[in-house]
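Student: Structure: model-v9.cif, mmCIF, C-alpha atoms.
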data_input
#
loop_
_atom_site.label_atom_id
_atom_site.label_comp_id
_atom_site.auth_asym_id
_atom_site.auth_seq_id
_atom_site.Cartn_x
_atom_site.Cartn_y
_atom_site.Cartn_z
CA MET A 5 152.04 96.85 131.69
CA LYS A 6 149.78 94.48 133.55
CA LYS A 7 147.68 97.41 134.84
CA ALA A 8 147.14 98.61 131.27
CA TYR A 9 145.73 95.21 130.25
CA VAL A 10 143.45 95.21 133.30
CA LEU A 11 142.25 98.73 132.47
CA LEU A 12 141.65 97.76 128.85
CA GLY A 13 139.73 94.64 129.99
CA VAL A 14 137.57 96.72 132.35
CA VAL A 15 136.76 99.17 129.53
CA PHE A 16 135.73 96.34 127.19
CA LEU A 17 133.71 94.65 129.95
CA THR A 18 131.92 97.93 130.68
CA LEU A 19 131.16 98.40 126.98
CA PHE A 20 129.88 94.81 126.72
CA VAL A 21 127.61 95.20 129.77
CA GLY A 22 126.26 98.51 128.44
CA PHE A 23 125.61 96.99 125.03
CA SER A 24 123.87 93.98 126.63
CA ILE A 25 121.62 96.24 128.70
CA SER A 26 120.79 98.35 125.64
CA VAL A 27 119.86 95.30 123.56
CA GLY A 28 117.80 93.88 126.42
CA LEU A 29 115.83 97.08 126.83
CA ASN A 30 115.26 97.34 123.10
CA ILE A 31 113.96 93.77 122.89
CA SER A 32 111.75 94.17 125.95
CA SER A 33 110.14 97.31 124.52
CA TYR A 34 109.25 95.57 121.25
CA THR A 35 106.07 93.89 122.54
CA PRO A 36 104.39 97.05 123.88
CA ARG A 37 105.28 98.91 120.67
CA PHE A 38 103.88 96.04 118.58
CA LEU A 39 100.66 96.04 120.62
CA LYS A 40 100.31 99.81 120.27
CA ASP A 41 100.80 99.63 116.50
CA SER A 42 98.38 96.71 116.17
CA TYR A 43 95.76 98.57 118.19
CA ALA A 44 96.13 101.71 116.04
CA TYR A 45 95.99 99.71 112.79
CA THR A 46 92.86 97.88 113.93
CA GLN A 47 91.28 101.18 114.94
CA ALA A 48 92.05 102.64 111.49
CA LYS A 49 90.56 99.58 109.77
CA ILE A 50 87.37 99.89 111.83
CA LEU A 51 87.22 103.58 110.98
CA ARG A 52 87.63 102.76 107.29
CA THR A 53 84.79 100.23 107.48
CA ASN A 54 82.50 102.80 109.08
CA THR A 55 83.42 105.47 106.54
CA LYS A 56 81.94 103.37 103.73
CA GLU A 57 78.48 104.09 105.08
CA LEU A 58 79.46 107.69 105.81
CA ALA A 59 80.52 108.21 102.18
CA LYS A 60 77.05 107.13 101.04
CA TYR A 61 75.36 109.33 103.63
CA VAL A 62 77.43 112.41 102.69
CA LEU A 63 76.53 111.97 99.02
CA PHE A 64 72.86 111.57 99.88
CA GLN A 65 72.91 114.70 102.10
CA ALA A 66 74.59 116.70 99.35
CA LYS A 67 71.87 115.58 96.96
CA LYS A 68 69.20 116.68 99.45
CA GLU A 69 70.87 120.10 99.74
CA GLY A 70 70.72 120.67 95.99
CA PHE A 71 74.16 119.54 94.84
CA GLU A 72 74.27 117.17 91.90
CA CYS A 73 77.67 115.76 92.81
CA LEU A 74 80.68 116.03 95.10
CA ASN A 75 84.38 116.15 94.23
CA SER A 76 85.97 115.48 97.60
CA ILE A 77 85.46 115.97 101.29
CA SER A 78 88.07 115.74 104.01
CA PHE A 79 87.83 116.13 107.76
CA SER A 80 89.68 115.26 110.95
CA TYR A 81 88.36 112.48 113.15
CA PRO A 82 88.85 111.40 115.98
CA ASN A 83 91.94 113.60 116.52
CA VAL A 84 93.21 116.70 114.76
CA LYS A 85 96.17 114.70 113.42
CA ASP A 86 93.90 112.05 111.87
CA LYS A 87 92.45 112.74 108.42
CA ILE A 88 89.65 111.08 106.50
CA LYS A 89 89.16 111.98 102.85
CA PHE A 90 86.47 110.99 100.35
CA GLU A 91 87.12 111.51 96.64
CA TYR A 92 84.18 110.92 94.31
CA PHE A 93 84.59 109.97 90.63
CA TYR A 94 81.70 109.65 88.18
CA ALA A 95 81.81 107.26 85.21
CA PHE A 96 79.60 109.31 82.88
CA ALA A 97 80.35 112.97 83.70
CA GLU A 98 82.66 115.41 85.47
CA CYS A 99 81.81 117.23 88.66
CA GLN A 100 82.60 120.92 88.97
CA ASN A 101 81.30 123.20 91.73
CA GLY A 102 78.61 120.73 92.72
CA ARG A 103 77.22 120.39 89.18
CA LEU A 104 77.66 117.64 86.62
CA ILE A 105 79.30 118.84 83.39
CA ASN A 106 80.39 117.07 80.20
CA ILE A 107 77.71 114.42 80.61
CA ASN A 108 78.11 111.51 78.23
CA SER A 109 74.91 111.50 76.17
CA ASP A 110 75.31 107.78 75.43
CA ALA A 111 75.30 106.88 79.13
CA ASN A 112 72.48 104.74 80.41
CA LEU A 113 72.15 105.89 84.01
CA SER A 114 70.58 102.62 85.13
CA LYS A 115 73.77 100.82 84.04
CA ASP A 116 76.46 103.50 83.91
CA GLY A 117 75.49 105.53 86.98
CA VAL A 118 78.43 104.16 88.95
CA ILE A 119 80.12 106.41 91.49
CA ILE A 120 83.61 105.43 92.57
CA VAL A 121 84.60 106.62 96.03
CA ASN A 122 88.24 106.63 97.09
CA ILE A 123 88.35 106.48 100.89
CA SER A 124 91.61 107.45 102.58
CA VAL A 125 92.19 107.11 106.32
CA PHE A 126 95.39 108.66 107.68
CA SER A 127 96.24 108.29 111.35
CA LYS A 128 99.32 109.93 112.88
CA LEU A 129 100.08 108.48 116.29
CA ASN A 130 103.02 110.63 117.38
CA GLU A 131 105.55 112.98 115.91
CA GLY A 132 108.08 110.17 115.54
CA VAL A 133 109.20 108.60 112.32
CA ASN A 134 107.17 105.63 111.03
CA GLU A 135 104.36 106.19 113.50
CA GLU A 136 101.61 106.78 111.00
CA ILE A 137 99.00 104.56 109.39
CA PHE A 138 97.50 105.09 105.94
CA ILE A 139 94.66 102.91 104.67
CA ASN A 140 93.15 103.44 101.24
CA GLU A 141 90.11 101.72 99.75
CA LYS A 142 87.92 102.13 96.72
CA LEU A 143 84.16 101.76 96.96
CA ARG A 144 81.76 101.37 94.04
CA LEU A 145 78.32 102.85 94.48
CA VAL A 146 75.64 101.98 91.96
CA ALA A 147 72.99 104.66 92.14
CA LYS A 148 69.45 104.08 90.98
CA GLU A 149 68.31 106.06 87.97
CA ASN A 150 65.98 108.28 90.01
CA PHE A 151 68.99 109.44 92.07
CA TRP A 152 70.19 111.47 89.07
CA THR A 153 66.90 113.27 88.42
CA PRO A 154 66.47 116.62 90.22
#
Give the structure from this file in structure tokens form.
Tutor:
Amino acid sequence: MKKAYVLLGVVFLTLFVGFSISVGLNISSYTPRFLKDSYAYTQAKILRTNTKELAKYVLFQAKKEGFECLNSISFSYPNVKDKIKFEYFYAFAECQNGRLININSDANLSKDGVIIVNISVFSKLNEGVNEEIFINEKLRLVAKENFWTP
């Protein structure tokens, strides 16, 4: 009977040591994971800041190429898994196939020519669960009246 208690004690001791090692490894891996996530989040925020200027530039280039407006643009940068998307909304009209339709005749373009840009930055670090970053921001662009003339 004494050997059974010793065997049972050894089993519980082994389980306790294994559990302690597992918890220790989990706690020690928290800091590198936190640093990796912080680095990726900061990188996504910097990317979002730079895309504000890119959203203006894309709209200007589309205007130079003969489009009156843009609905949305999405692309992958810097990796294939990372997505950046611009969605443009116009306060006085609708955009369809690069042309403005249903223009509000009461709109004063010097005051109402506001373009709202929804900027979405999605970064997928790995295939694991909860290893993705999504940052969304709205940007208001006030275009000058001569921007709307062909």
Student: Just give me the gap between atom CA of A:Ile105 and atom CA of A:Ser124 in Å, one decimal is fine.
Tutor: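 Atom CA of A:Ser124 lies 25.5 Å from atom CA of A:Ile105.
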Student: Residue by residue, what does the PyMOL selection byres ((chain A and resi 97-99) around 12) grab here? Present the result as a ChimeraX atom specification.
Tutor: /A:71-76,91-96,100-113,116-119,152
Student: A:Lys60, A:Lys67, A:Lys128, A:Lys148: which is nearest A:Tyr45, counting all atoms listed in the file?
Tutor: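 That would be A:Lys128, the residue with the smallest distance to A:Tyr45.
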Student: So how many Å separate atom CA of A:Ser42 and atom CA of A:Asn83, to one decimal?
Tutor: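 One can read the atom CA of A:Ser42 to atom CA of A:Asn83 distance as 18.1 Å.
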Student: Just need the box for stretch 136-149 of chain A, edges along x, y and z, holding every atom the file lists for it with 3 Å tacked onto each side, so centre and edge lengths in Å to one decimal, as AutoDock Vina command-line options.
Tutor:
--center_x 85.0 --center_y 104.1 --center_z 99.5 --size_x 39.3 --size_y 11.4 --size_z 29.0
Student: In Å, with one decimal, what is the gap from atom CA of A:Ala44 to atom CA of A:Ile25?
Tutor: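 About the pair atom CA of A:Ala44 and atom CA of A:Ile25: they are 29.0 Å apart.
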Student: So, with all atoms listed in the file as the atoms that count, which of A:Val121, A:Ala48, A:Val21, A:Ile77 lies closest to A:Leu143?
Tutor: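 Distance minimum relative to A:Leu143 lands on A:Val121.
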